[in-house]
file target_23.cif (mmCIF, C-alpha atoms)
data_final
#
loop_
_atom_site.label_atom_id
_atom_site.label_comp_id
_atom_site.auth_asym_id
_atom_site.auth_seq_id
_atom_site.Cartn_x
_atom_site.Cartn_y
_atom_site.Cartn_z
CA MET A 219 0.00 0.00 0.00
CA SER A 220 1.14 3.51 -0.66
CA SER A 221 3.03 5.47 1.99
CA HIS A 222 1.83 8.84 2.26
CA HIS A 223 0.37 2.51 24.47
CA ALA A 224 -2.49 5.16 27.74
CA GLN A 225 -2.60 1.52 28.70
CA LEU A 226 0.34 0.58 26.48
CA PRO A 227 2.46 3.75 26.15
CA LEU A 228 5.57 2.26 24.59
CA SER A 229 6.72 2.22 21.01
CA ARG A 230 6.70 -1.15 19.28
CA ARG A 231 10.38 -1.85 19.86
CA GLY A 232 10.23 -0.78 23.48
CA PHE A 233 7.08 -2.82 23.88
CA LEU A 234 8.85 -5.91 22.60
CA ILE A 235 11.69 -5.45 25.07
CA THR A 236 9.60 -4.79 28.15
CA SER A 237 6.91 -7.35 27.51
CA GLY A 238 9.00 -10.01 25.81
CA GLY A 239 11.53 -9.98 28.59
CA ALA A 240 14.62 -9.82 26.39
CA ALA A 241 16.53 -7.30 24.30
CA ALA A 242 16.95 -10.18 21.87
CA ALA A 243 13.71 -8.98 20.28
CA LEU A 244 15.85 -6.28 18.67
CA ALA A 245 19.09 -8.06 17.99
CA LEU A 246 19.89 -8.95 14.40
CA THR A 247 21.52 -12.23 15.20
CA SER A 248 22.21 -15.31 13.14
CA SER A 249 20.40 -17.52 15.63
CA PRO A 250 16.71 -17.80 14.72
CA ALA A 251 15.36 -17.68 18.24
CA LYS A 252 16.23 -16.57 21.74
CA ALA A 253 15.11 -18.55 24.73
CA ALA A 254 13.18 -16.98 27.54
CA PRO A 255 15.03 -16.60 30.84
CA ALA A 256 15.69 -19.94 32.47
CA GLY A 257 13.68 -20.98 35.47
CA GLY A 258 10.50 -22.85 34.58
CA ARG A 259 10.85 -26.60 34.39
CA ARG A 260 7.67 -26.87 32.34
CA PRO A 261 8.22 -24.75 29.24
CA PHE A 262 4.97 -25.99 27.71
CA GLY A 263 2.73 -25.30 30.68
CA ARG A 264 -0.46 -27.33 30.76
CA PHE A 265 -0.10 -28.40 27.14
CA GLY A 266 2.01 -31.49 27.62
CA SER A 267 5.55 -32.14 26.41
CA PRO A 268 7.37 -34.37 23.91
CA SER A 269 7.05 -37.20 26.45
CA ALA A 270 3.37 -36.50 27.13
CA ARG A 271 1.87 -35.15 23.92
CA LEU A 272 -1.36 -33.20 23.88
CA THR A 273 -2.34 -35.26 20.81
CA PRO A 274 -0.36 -37.49 18.43
CA GLN A 275 -0.28 -34.52 16.04
CA THR A 276 1.22 -32.06 18.53
CA LEU A 277 4.73 -30.71 18.13
CA TYR A 278 6.61 -28.75 20.78
CA VAL A 279 8.84 -25.79 19.94
CA ASP A 280 11.40 -24.44 22.37
CA PRO A 281 14.46 -22.32 21.51
CA GLY A 282 16.13 -23.82 24.56
CA GLY A 283 16.08 -27.32 23.06
CA ARG A 284 13.45 -28.93 25.28
CA GLY A 285 10.98 -29.54 22.47
CA ASP A 286 10.79 -31.32 19.13
CA HIS A 287 12.13 -28.25 17.33
CA THR A 288 13.91 -25.01 18.20
CA THR A 289 12.25 -22.86 15.50
CA VAL A 290 8.68 -22.38 14.39
CA LYS A 291 9.72 -22.73 10.75
CA ASP A 292 11.19 -26.19 11.34
CA ALA A 293 8.06 -27.29 13.18
CA VAL A 294 5.83 -26.07 10.34
CA THR A 295 8.00 -27.95 7.84
CA ALA A 296 7.60 -31.13 9.86
CA ALA A 297 3.84 -30.71 10.26
CA THR A 298 2.79 -31.84 6.79
CA GLY A 299 -0.87 -32.24 6.04
CA SER A 300 -3.84 -31.23 8.16
CA GLY A 301 -4.65 -30.94 11.84
CA TRP A 302 -1.31 -30.24 13.52
CA THR A 303 -0.87 -28.31 16.76
CA LEU A 304 2.31 -26.40 17.62
CA VAL A 305 2.91 -25.52 21.26
CA LEU A 306 5.43 -22.69 21.53
CA ALA A 307 7.52 -22.27 24.67
CA PRO A 308 8.29 -18.71 25.85
CA GLY A 309 10.96 -17.04 23.78
CA THR A 310 11.66 -14.63 20.95
CA TYR A 311 11.61 -16.43 17.60
CA ARG A 312 13.50 -14.26 15.11
CA GLU A 313 12.50 -15.85 11.82
CA THR A 314 10.03 -15.71 8.96
CA VAL A 315 7.38 -18.41 8.82
CA ALA A 316 4.95 -19.50 6.10
CA VAL A 317 1.98 -21.86 6.43
CA ASP A 318 1.07 -22.95 2.90
CA VAL A 319 -2.37 -23.99 1.68
CA THR A 320 -1.74 -27.70 2.32
CA ARG A 321 -1.27 -27.30 6.08
CA THR A 322 -4.92 -26.86 6.97
CA GLU A 323 -6.60 -26.85 10.40
CA ALA A 324 -3.37 -25.90 12.19
CA THR A 325 -3.34 -24.59 15.76
CA TRP A 326 -0.54 -22.58 17.39
CA ILE A 327 -0.55 -22.14 21.15
CA GLY A 328 1.63 -19.86 23.26
CA ALA A 329 2.39 -22.22 26.13
CA SER A 330 2.49 -19.62 28.92
CA GLU A 331 -0.96 -18.29 27.92
CA ASP A 332 0.51 -14.76 27.84
CA PRO A 333 1.19 -13.35 24.34
CA ALA A 334 4.02 -11.21 25.69
CA ASP A 335 6.05 -14.37 26.30
CA VAL A 336 6.00 -15.79 22.77
CA VAL A 337 7.15 -13.39 20.05
CA ILE A 338 7.62 -14.26 16.36
CA VAL A 339 9.46 -11.31 14.83
CA TYR A 340 11.56 -10.28 11.84
CA ASP A 341 12.50 -7.00 10.17
CA ASN A 342 11.90 -7.09 6.42
CA ALA A 343 10.22 -4.12 4.74
CA ALA A 344 8.70 -3.83 1.28
CA GLY A 345 11.82 -1.99 0.12
CA THR A 346 14.34 -4.34 1.74
CA ALA A 347 16.71 -5.84 -0.82
CA LYS A 348 16.29 -9.58 -1.41
CA PRO A 349 19.40 -11.76 -1.55
CA GLY A 350 18.65 -12.78 -5.13
CA GLY A 351 17.85 -9.29 -6.34
CA GLY A 352 14.85 -7.01 -6.21
CA THR A 353 12.92 -6.15 -3.06
CA TYR A 354 10.43 -8.03 -0.92
CA GLY A 355 7.34 -5.93 -1.60
CA THR A 356 4.52 -5.61 0.91
CA THR A 357 3.49 -9.28 0.88
CA GLY A 358 7.07 -10.50 0.97
CA SER A 359 7.84 -8.36 4.00
CA ALA A 360 5.55 -10.42 6.23
CA THR A 361 7.16 -12.06 9.24
CA THR A 362 4.41 -14.70 9.26
CA THR A 363 2.23 -15.71 6.31
CA VAL A 364 -0.79 -17.99 6.73
CA GLN A 365 -2.44 -19.25 3.54
CA ALA A 366 -4.06 -22.41 4.87
CA ASP A 367 -7.71 -22.62 5.89
CA GLY A 368 -8.70 -23.37 9.48
CA PHE A 369 -5.73 -21.74 11.23
CA THR A 370 -6.07 -20.83 14.92
CA ALA A 371 -3.57 -19.00 17.15
CA ARG A 372 -3.72 -18.19 20.84
CA TRP A 373 -1.46 -16.14 23.10
CA ILE A 374 1.17 -15.27 20.49
CA THR A 375 2.76 -11.98 19.43
CA PHE A 376 3.33 -11.51 15.70
CA ALA A 377 5.70 -8.61 15.03
CA ASN A 378 7.77 -6.77 12.46
CA ASP A 379 10.38 -4.55 14.09
CA TRP A 380 11.64 -2.77 10.97
CA LEU A 381 12.00 0.97 11.62
CA ARG A 382 12.02 3.86 9.17
CA ALA A 383 14.62 5.73 11.20
CA ASP A 384 17.11 2.89 10.76
CA HIS A 385 16.74 2.82 6.98
CA PRO A 386 16.29 6.35 5.54
CA GLU A 387 17.41 5.02 2.14
CA ILE A 388 14.32 2.76 1.86
CA THR A 389 11.09 4.26 0.54
CA GLY A 390 9.03 1.06 0.61
CA THR A 391 8.24 1.31 4.31
CA GLN A 392 5.45 -1.26 4.51
CA ALA A 393 6.50 -3.91 7.03
CA VAL A 394 3.92 -6.62 7.69
CA ALA A 395 3.83 -8.57 10.95
CA ILE A 396 1.39 -11.17 9.63
CA LYS A 397 -0.49 -11.77 6.40
CA VAL A 398 -3.53 -14.01 6.80
CA GLN A 399 -5.22 -15.35 3.66
CA GLY A 400 -6.99 -18.51 4.73
CA ASP A 401 -10.69 -18.96 5.40
CA ARG A 402 -11.74 -19.71 8.99
CA SER A 403 -8.65 -18.09 10.51
CA ALA A 404 -8.98 -17.25 14.22
CA PHE A 405 -6.75 -15.33 16.61
CA HIS A 406 -7.48 -15.21 20.33
CA HIS A 407 -5.52 -13.08 22.79
CA CYS A 408 -2.80 -12.31 20.24
CA ARG A 409 -0.74 -9.17 19.60
CA PHE A 410 0.22 -7.66 16.25
CA LEU A 411 3.09 -5.17 16.43
CA GLY A 412 4.41 -3.01 13.63
CA HIS A 413 4.18 0.44 12.09
CA GLN A 414 2.93 0.48 8.49
CA ASP A 415 0.71 -2.41 7.33
CA THR A 416 1.01 -4.41 10.55
CA LEU A 417 -1.97 -6.79 10.22
CA TYR A 418 -2.78 -7.87 6.67
CA ALA A 419 -6.19 -9.58 6.87
CA ASP A 420 -6.60 -10.71 3.29
CA SER A 421 -7.71 -13.64 1.12
CA ILE A 422 -5.95 -16.07 -1.21
CA ALA A 423 -7.64 -14.67 -4.34
CA LEU A 424 -9.97 -11.90 -5.47
CA THR A 425 -12.86 -14.36 -5.68
CA SER A 426 -12.16 -15.90 -2.27
CA PHE A 427 -14.15 -14.42 0.62
CA ALA A 428 -11.96 -15.53 3.51
CA ARG A 429 -13.55 -15.29 6.96
CA GLN A 430 -11.31 -14.30 9.85
CA TYR A 431 -11.90 -13.65 13.53
CA PHE A 432 -9.85 -11.67 16.04
CA ALA A 433 -10.91 -11.72 19.70
CA HIS A 434 -9.27 -9.96 22.65
CA CYS A 435 -6.34 -9.00 20.44
CA TYR A 436 -4.05 -5.96 20.39
CA ALA A 437 -2.79 -4.29 17.20
CA GLU A 438 -0.61 -1.22 16.90
CA GLY A 439 0.87 0.84 14.09
CA ASP A 440 0.57 4.04 12.13
CA VAL A 441 -0.22 3.76 8.38
CA ASP A 442 -3.08 1.44 7.34
CA PHE A 443 -2.04 -0.97 10.04
CA VAL A 444 -5.14 -3.17 9.73
CA PHE A 445 -5.81 -3.73 6.04
CA GLY A 446 -6.83 -6.17 3.30
CA ARG A 447 -9.85 -7.76 1.66
CA ALA A 448 -10.88 -10.44 4.16
CA THR A 449 -14.27 -10.69 5.80
CA ALA A 450 -12.84 -10.03 9.26
CA VAL A 451 -14.51 -9.59 12.63
CA TYR A 452 -12.63 -7.85 15.46
CA GLU A 453 -14.29 -8.27 18.85
CA ASN A 454 -13.06 -6.86 22.15
CA CYS A 455 -9.82 -5.76 20.50
CA HIS A 456 -7.53 -2.82 21.25
CA PHE A 457 -6.07 -0.80 18.39
CA ARG A 458 -3.35 1.69 19.26
CA THR A 459 -1.92 4.39 17.02
CA LEU A 460 1.75 5.23 17.50
CA ASN A 461 3.48 8.57 17.73
CA ARG A 462 5.71 9.73 14.88
CA THR A 463 8.70 12.07 14.82
CA ASP A 464 9.23 11.96 11.06
CA LEU A 465 6.12 14.00 10.24
CA ALA A 466 5.49 17.63 11.13
CA ALA A 467 1.72 17.63 10.82
CA ALA A 468 -1.38 15.46 10.82
CA PRO A 469 -2.46 13.00 9.72
CA TYR A 470 0.09 10.59 11.09
CA GLY A 471 -1.81 7.65 9.69
CA PHE A 472 -4.92 5.53 9.43
CA VAL A 473 -6.13 2.61 11.53
CA PHE A 474 -8.09 0.63 8.94
CA ALA A 475 -7.69 0.30 5.18
CA PRO A 476 -10.05 -2.41 3.90
CA SER A 477 -9.91 -3.49 0.25
CA THR A 478 -13.09 -5.59 0.18
CA ALA A 479 -14.00 -7.10 -3.18
CA GLY A 480 -17.03 -5.47 -4.74
CA ALA A 481 -18.84 -8.82 -4.89
CA ASN A 482 -18.27 -9.47 -1.18
CA PRO A 483 -21.19 -8.18 0.92
CA ARG A 484 -19.10 -8.03 4.10
CA GLY A 485 -15.67 -6.58 4.85
CA TYR A 486 -14.37 -5.53 8.27
CA LEU A 487 -16.56 -5.47 11.37
CA VAL A 488 -15.15 -3.91 14.55
CA SER A 489 -17.30 -4.52 17.62
CA ARG A 490 -16.98 -3.76 21.33
CA SER A 491 -13.40 -2.63 20.88
CA ARG A 492 -11.30 0.46 21.58
CA VAL A 493 -8.94 2.73 19.68
CA SER A 494 -6.34 4.60 21.71
CA SER A 495 -3.32 6.69 20.75
CA GLU A 496 0.07 7.82 21.94
CA ALA A 497 0.06 10.57 19.28
CA PRO A 498 -1.38 14.09 19.70
CA ASP A 499 -5.14 14.49 19.69
CA THR A 500 -6.87 14.26 16.28
CA PHE A 501 -3.68 13.23 14.46
CA TYR A 502 -5.14 9.96 13.14
CA LYS A 503 -7.95 9.04 10.77
CA LEU A 504 -10.08 6.04 11.60
CA ALA A 505 -9.92 4.66 8.06
CA ARG A 506 -9.36 5.17 4.38
CA PRO A 507 -10.46 2.85 1.55
CA TRP A 508 -7.85 0.87 -0.34
CA VAL A 509 -8.75 0.15 -3.95
CA PRO A 510 -5.64 -1.64 -5.23
CA SER A 511 -4.49 -1.47 -8.82
CA SER A 512 -5.02 -5.24 -9.01
CA ASP A 513 -8.74 -4.83 -8.29
CA THR A 514 -10.16 -1.47 -9.27
CA THR A 515 -13.67 -2.90 -8.75
CA ALA A 516 -13.05 -3.23 -4.99
CA LYS A 517 -15.59 -1.56 -2.74
CA PRO A 518 -14.02 -1.31 0.71
CA SER A 519 -16.33 -2.16 3.60
CA LEU A 520 -15.86 -1.21 7.26
CA THR A 521 -18.37 -1.05 10.10
CA VAL A 522 -17.26 0.13 13.54
CA ARG A 523 -19.86 -0.36 16.24
CA ASP A 524 -20.16 -0.18 20.02
CA THR A 525 -16.51 0.85 20.15
CA TRP A 526 -14.67 3.50 22.16
CA LEU A 527 -12.70 5.92 19.99
CA GLY A 528 -10.08 7.96 21.80
CA SER A 529 -9.03 11.54 21.22
CA GLY A 530 -6.33 10.49 18.77
CA ILE A 531 -9.04 10.04 16.12
CA ASP A 532 -10.07 13.12 14.15
CA ALA A 533 -13.75 13.28 15.07
CA VAL A 534 -14.54 16.01 12.54
CA ALA A 535 -13.17 14.09 9.56
CA PRO A 536 -12.40 10.49 10.58
CA TYR A 537 -12.27 9.19 7.00
CA THR A 538 -10.16 10.27 4.03
CA ASN A 539 -9.28 9.09 0.54
CA MET A 540 -6.32 6.97 -0.43
CA SER A 541 -7.01 7.97 -4.02
CA ASP A 542 -9.31 10.75 -5.13
CA ALA A 543 -10.52 8.43 -7.89
CA PHE A 544 -12.17 6.30 -5.20
CA PRO A 545 -13.65 8.67 -2.60
CA TRP A 546 -14.48 7.19 0.77
CA GLN A 547 -18.05 8.45 0.49
CA SER A 548 -18.59 5.99 -2.38
CA GLN A 549 -17.45 3.03 -0.28
CA ARG A 550 -19.17 1.07 2.47
CA PHE A 551 -18.13 2.84 5.68
CA ALA A 552 -20.47 3.07 8.65
CA GLU A 553 -20.62 3.40 12.44
CA TYR A 554 -23.10 2.54 15.15
CA ARG A 555 -23.30 3.55 18.82
CA ASN A 556 -19.62 4.39 19.20
CA THR A 557 -18.45 6.39 22.20
CA GLY A 558 -15.45 8.47 23.27
CA PRO A 559 -14.06 11.81 22.09
CA GLY A 560 -13.08 10.39 18.70
CA ALA A 561 -16.68 9.28 18.07
CA LYS A 562 -18.32 12.66 18.58
CA VAL A 563 -20.52 13.56 15.61
CA THR A 564 -19.83 17.17 14.77
CA VAL A 565 -20.22 16.98 10.97
CA PRO A 566 -22.93 14.37 10.32
CA GLU A 567 -22.09 13.87 6.66
CA ASN A 568 -18.60 12.78 7.71
CA ARG A 569 -19.91 10.11 10.10
CA PRO A 570 -22.29 7.72 8.26
CA GLN A 571 -24.37 5.85 10.82
CA LEU A 572 -26.25 2.56 10.60
CA THR A 573 -29.90 2.52 11.43
CA ARG A 574 -31.03 0.17 14.18
CA GLU A 575 -32.43 -2.17 11.56
CA GLN A 576 -29.16 -2.17 9.59
CA ALA A 577 -27.19 -2.82 12.77
CA GLU A 578 -29.09 -6.06 13.32
CA SER A 579 -27.14 -7.51 10.38
CA ALA A 580 -23.78 -6.16 11.54
CA THR A 581 -22.93 -9.04 13.87
CA ARG A 582 -20.32 -11.75 14.15
CA GLU A 583 -22.92 -14.37 13.25
CA ASP A 584 -23.90 -12.60 10.05
CA TYR A 585 -20.29 -12.07 8.98
CA LEU A 586 -18.99 -15.56 9.79
CA GLY A 587 -22.04 -17.60 8.84
CA ASP A 588 -21.88 -21.27 9.82
CA TRP A 589 -18.33 -21.01 11.14
CA HIS A 590 -17.82 -20.91 14.91
CA PRO A 591 -14.23 -19.72 15.54
CA TRP A 592 -13.32 -21.84 18.55
CA LYS A 593 -11.40 -25.09 18.92
CA GLU A 594 -11.50 -27.41 21.89
CA THR A 595 -7.71 -27.90 21.78
CA CYS A 596 -7.23 -24.20 22.52
#
call {"tool": "encode", "arguments": {"input": "target_23.cif", "output": "structure tokens"}}
result
Amino acid sequence: MSSHHAQLPLSRRGFLITSGGAAAALALTSSPAKAAPAGGRRPFGRFGSPSARLTPQTLYVDPGGRGDHTTVKDAVTAATGSGWTLVLAPGTYRETVAVDVTRTEATWIGASEDPADVVIVYDNAAGTAKPGGGTYGTTGSATTTVQADGFTARWITFANDWLRADHPEITGTQAVAIKVQGDRSAFHHCRFLGHQDTLYADSIALTSFARQYFAHCYAEGDVDFVFGRATAVYENCHFRTLNRTDLAAAPYGFVFAPSTAGANPRGYLVSRSRVSSEAPDTFYKLARPWVPSSDTTAKPSLTVRDTWLGSGIDAVAPYTNMSDAFPWQSQRFAEYRNTGPGAKVTVPENRPQLTREQAESATREDYLGDWHPWKETC
């Protein structure tokens, strides 16, 4: 995409250090993972161990060597086919990971049941040079890519700790923490840390209406940091906009940038959540529509309901265009019963509201259909 914490007051890199428990979250080291501080004799908590497996298709990952594998990538490689569970011991896993379409119904569990303890992080940006030539691009920058259907994650942090200030020579500043393309993808109590394009909730193809669910999750960033064409429901989530020192004036960025296919009746639904900011008041827009060059028929869809919007959101003009050729007013943006200083309706034409009748169809059940995003193994 084009460039243009009150409760969690730290920048992404500082957040990784303080909550991950190790400066290794920042170190560019040849080792793919750093173990958590020694102490616990049960790195996999209540989820078994290699000698007492949760299920026959459970693999244990521990950078300290107490599991089946020391890296997530190696465990994914070993878990061929469908229905595998990976239990991740506390640690910082500095690596890129891809779950291809053949590895369906996978489950990843952070063993400590605290997402701050299990961090999967890397630092590629769209403009980062690839070893074989060229650059990674937005999709290629992703630390974690999930293409398979039926993926579930709990208590894991997905991060990209690339920083603009470290690479002034790079103009492609998109740096994805995770790209999710599969249908029936669920994330519970996870964190998504980055700056531009942090959480890429997408689909495998223009004609694929992938359903995704995010519950009790935290996402932070600045430019379009929750974006893509998935049918995605965000419930009880916290979105936090970051401060910036490289810009002299607002806007610093945009929380949501959906790119919903025109044929898809449902895009992003944000419900019972909150949007906070460490930036000055009104320096962020709530959303802008992304109509990519690969799909100029896209009709971005976003509904934000029953959500608290902090003072970082520009209440007078919360939406703006990414391209004047596709004005936000022509897209499918709406709100319902939001609260907080960023939700104040001062210019009604800038805050499209659902009617009560319309809101009855803006629910998790309507968006996800016959899929119930919970698994007993989690």
call {"tool": "residues_around", "arguments": {"input": "target_23.cif", "residues": "Phe474 (chain A)", "least_positions_apart": "4", "cutoff": "6 Å", "atoms": "all atoms listed in the file", "output": "ChimeraX atom specification"}}
result
/A:442,444-445,505
call {"tool": "residues_around", "arguments": {"input": "target_23.cif", "residues": "Val394 (chain A)", "least_positions_apart": "3", "cutoff": "10 Å", "atoms": "all atoms listed in the file", "output": "ChimeraX atom specification"}}
result
/A:340-344,355-363,376-380,391,397,410-418,443-444
call {"tool": "resolve_selection", "arguments": {"input": "target_23.cif", "expression": "the PyMOL selection byres ((chain A and resi 403) around 10)", "output": "PDB file with C-alpha atoms, keeping the file's coordinate frame"}}
result
ATOM      1  CA  GLU A 323      -6.600 -26.850  10.400  1.00  0.00           C
ATOM      2  CA  ALA A 324      -3.370 -25.900  12.190  1.00  0.00           C
ATOM      3  CA  THR A 325      -3.340 -24.590  15.760  1.00  0.00           C
ATOM      4  CA  VAL A 364      -0.790 -17.990   6.730  1.00  0.00           C
ATOM      5  CA  GLN A 365      -2.440 -19.250   3.540  1.00  0.00           C
ATOM      6  CA  ALA A 366      -4.060 -22.410   4.870  1.00  0.00           C
ATOM      7  CA  ASP A 367      -7.710 -22.620   5.890  1.00  0.00           C
ATOM      8  CA  GLY A 368      -8.700 -23.370   9.480  1.00  0.00           C
ATOM      9  CA  PHE A 369      -5.730 -21.740  11.230  1.00  0.00           C
ATOM     10  CA  THR A 370      -6.070 -20.830  14.920  1.00  0.00           C
ATOM     11  CA  ALA A 371      -3.570 -19.000  17.150  1.00  0.00           C
ATOM     12  CA  VAL A 398      -3.530 -14.010   6.800  1.00  0.00           C
ATOM     13  CA  GLN A 399      -5.220 -15.350   3.660  1.00  0.00           C
ATOM     14  CA  GLY A 400      -6.990 -18.510   4.730  1.00  0.00           C
ATOM     15  CA  ASP A 401     -10.690 -18.960   5.400  1.00  0.00           C
ATOM     16  CA  ARG A 402     -11.740 -19.710   8.990  1.00  0.00           C
ATOM     17  CA  ALA A 404      -8.980 -17.250  14.220  1.00  0.00           C
ATOM     18  CA  PHE A 405      -6.750 -15.330  16.610  1.00  0.00           C
ATOM     19  CA  ALA A 419      -6.190  -9.580   6.870  1.00  0.00           C
ATOM     20  CA  ALA A 428     -11.960 -15.530   3.510  1.00  0.00           C
ATOM     21  CA  ARG A 429     -13.550 -15.290   6.960  1.00  0.00           C
ATOM     22  CA  GLN A 430     -11.310 -14.300   9.850  1.00  0.00           C
ATOM     23  CA  TYR A 431     -11.900 -13.650  13.530  1.00  0.00           C
ATOM     24  CA  PHE A 432      -9.850 -11.670  16.040  1.00  0.00           C
ATOM     25  CA  ALA A 450     -12.840 -10.030   9.260  1.00  0.00           C
ATOM     26  CA  PRO A 591     -14.230 -19.720  15.540  1.00  0.00           C
TER      27      PRO A 591
END
call {"tool": "closest_residue", "arguments": {"input": "target_23.cif", "among": "A:His406, A:Lys517, A:Arg382, A:His456", "to": "Ser548 (chain A)", "atoms": "only C-alpha atoms"}}
result
A:Lys517
call {"tool": "closest_residue", "arguments": {"input": "target_23.cif", "among": "A:Ala423, A:Ala437, A:Met540, A:Cys455", "to": "Gly471 (chain A)", "atoms": "only C-alpha atoms"}}
result
A:Met540
call {"tool": "atom_distance", "arguments": {"input": "target_23.cif", "atom1": "CA of Val339 (chain A)", "atom2": "CA of Leu465 (chain A)"}}
result
25.9 Å
call {"tool": "build_atoms", "arguments": {"input": "target_23.cif", "residues": "region 482-498 of chain A", "atoms": "N, CA, C and O atoms", "output": "PDB file, in the frame of the given file"}}
result
ATOM      1  N   ASN A 482     -18.177  -8.973  -2.560  1.00  0.00           N
ATOM      2  CA  ASN A 482     -18.270  -9.470  -1.180  1.00  0.00           C
ATOM      3  C   ASN A 482     -19.181  -8.545  -0.375  1.00  0.00           C
ATOM      4  O   ASN A 482     -18.884  -7.357  -0.228  1.00  0.00           O
ATOM      5  N   PRO A 483     -20.273  -9.049   0.173  1.00  0.00           N
ATOM      6  CA  PRO A 483     -21.190  -8.180   0.920  1.00  0.00           C
ATOM      7  C   PRO A 483     -20.658  -7.735   2.268  1.00  0.00           C
ATOM      8  O   PRO A 483     -21.217  -6.829   2.878  1.00  0.00           O
ATOM      9  N   ARG A 484     -19.587  -8.346   2.749  1.00  0.00           N
ATOM     10  CA  ARG A 484     -19.100  -8.030   4.100  1.00  0.00           C
ATOM     11  C   ARG A 484     -17.581  -7.900   4.115  1.00  0.00           C
ATOM     12  O   ARG A 484     -16.873  -8.776   3.623  1.00  0.00           O
ATOM     13  N   GLY A 485     -17.104  -6.811   4.716  1.00  0.00           N
ATOM     14  CA  GLY A 485     -15.670  -6.580   4.850  1.00  0.00           C
ATOM     15  C   GLY A 485     -15.225  -6.686   6.289  1.00  0.00           C
ATOM     16  O   GLY A 485     -15.279  -7.746   6.893  1.00  0.00           O
ATOM     17  N   TYR A 486     -14.833  -5.550   6.889  1.00  0.00           N
ATOM     18  CA  TYR A 486     -14.370  -5.530   8.270  1.00  0.00           C
ATOM     19  C   TYR A 486     -15.497  -5.100   9.201  1.00  0.00           C
ATOM     20  O   TYR A 486     -16.193  -4.114   8.933  1.00  0.00           O
ATOM     21  N   LEU A 487     -15.630  -5.833  10.310  1.00  0.00           N
ATOM     22  CA  LEU A 487     -16.560  -5.470  11.370  1.00  0.00           C
ATOM     23  C   LEU A 487     -15.764  -5.342  12.672  1.00  0.00           C
ATOM     24  O   LEU A 487     -15.131  -6.306  13.111  1.00  0.00           O
ATOM     25  N   VAL A 488     -15.805  -4.159  13.276  1.00  0.00           N
ATOM     26  CA  VAL A 488     -15.150  -3.910  14.550  1.00  0.00           C
ATOM     27  C   VAL A 488     -16.230  -3.712  15.596  1.00  0.00           C
ATOM     28  O   VAL A 488     -17.089  -2.833  15.451  1.00  0.00           O
ATOM     29  N   SER A 489     -16.214  -4.540  16.640  1.00  0.00           N
ATOM     30  CA  SER A 489     -17.300  -4.520  17.620  1.00  0.00           C
ATOM     31  C   SER A 489     -16.756  -4.581  19.040  1.00  0.00           C
ATOM     32  O   SER A 489     -15.812  -5.335  19.319  1.00  0.00           O
ATOM     33  N   ARG A 490     -17.323  -3.759  19.901  1.00  0.00           N
ATOM     34  CA  ARG A 490     -16.980  -3.760  21.330  1.00  0.00           C
ATOM     35  C   ARG A 490     -15.471  -3.663  21.560  1.00  0.00           C
ATOM     36  O   ARG A 490     -14.900  -4.383  22.368  1.00  0.00           O
ATOM     37  N   SER A 491     -14.842  -2.780  20.822  1.00  0.00           N
ATOM     38  CA  SER A 491     -13.400  -2.630  20.880  1.00  0.00           C
ATOM     39  C   SER A 491     -13.028  -1.228  21.317  1.00  0.00           C
ATOM     40  O   SER A 491     -13.878  -0.448  21.748  1.00  0.00           O
ATOM     41  N   ARG A 492     -11.748  -0.885  21.235  1.00  0.00           N
ATOM     42  CA  ARG A 492     -11.300   0.460  21.580  1.00  0.00           C
ATOM     43  C   ARG A 492     -10.129   0.858  20.710  1.00  0.00           C
ATOM     44  O   ARG A 492      -9.334   0.018  20.283  1.00  0.00           O
ATOM     45  N   VAL A 493     -10.049   2.162  20.450  1.00  0.00           N
ATOM     46  CA  VAL A 493      -8.940   2.730  19.680  1.00  0.00           C
ATOM     47  C   VAL A 493      -8.301   3.817  20.527  1.00  0.00           C
ATOM     48  O   VAL A 493      -8.939   4.826  20.851  1.00  0.00           O
ATOM     49  N   SER A 494      -7.057   3.613  20.911  1.00  0.00           N
ATOM     50  CA  SER A 494      -6.340   4.600  21.710  1.00  0.00           C
ATOM     51  C   SER A 494      -5.135   5.101  20.925  1.00  0.00           C
ATOM     52  O   SER A 494      -4.832   4.607  19.840  1.00  0.00           O
ATOM     53  N   SER A 495      -4.424   6.092  21.488  1.00  0.00           N
ATOM     54  CA  SER A 495      -3.320   6.690  20.750  1.00  0.00           C
ATOM     55  C   SER A 495      -2.255   7.219  21.683  1.00  0.00           C
ATOM     56  O   SER A 495      -2.550   7.700  22.781  1.00  0.00           O
ATOM     57  N   GLU A 496      -1.003   7.146  21.241  1.00  0.00           N
ATOM     58  CA  GLU A 496       0.070   7.820  21.940  1.00  0.00           C
ATOM     59  C   GLU A 496       0.476   9.095  21.194  1.00  0.00           C
ATOM     60  O   GLU A 496       1.375   9.802  21.608  1.00  0.00           O
ATOM     61  N   ALA A 497      -0.202   9.372  20.088  1.00  0.00           N
ATOM     62  CA  ALA A 497       0.060  10.570  19.280  1.00  0.00           C
ATOM     63  C   ALA A 497      -0.804  11.731  19.782  1.00  0.00           C
ATOM     64  O   ALA A 497      -1.722  11.550  20.584  1.00  0.00           O
ATOM     65  N   PRO A 498      -0.538  12.951  19.310  1.00  0.00           N
ATOM     66  CA  PRO A 498      -1.380  14.090  19.700  1.00  0.00           C
ATOM     67  C   PRO A 498      -2.835  13.882  19.305  1.00  0.00           C
ATOM     68  O   PRO A 498      -3.146  13.118  18.384  1.00  0.00           O
TER      69      PRO A 498
END
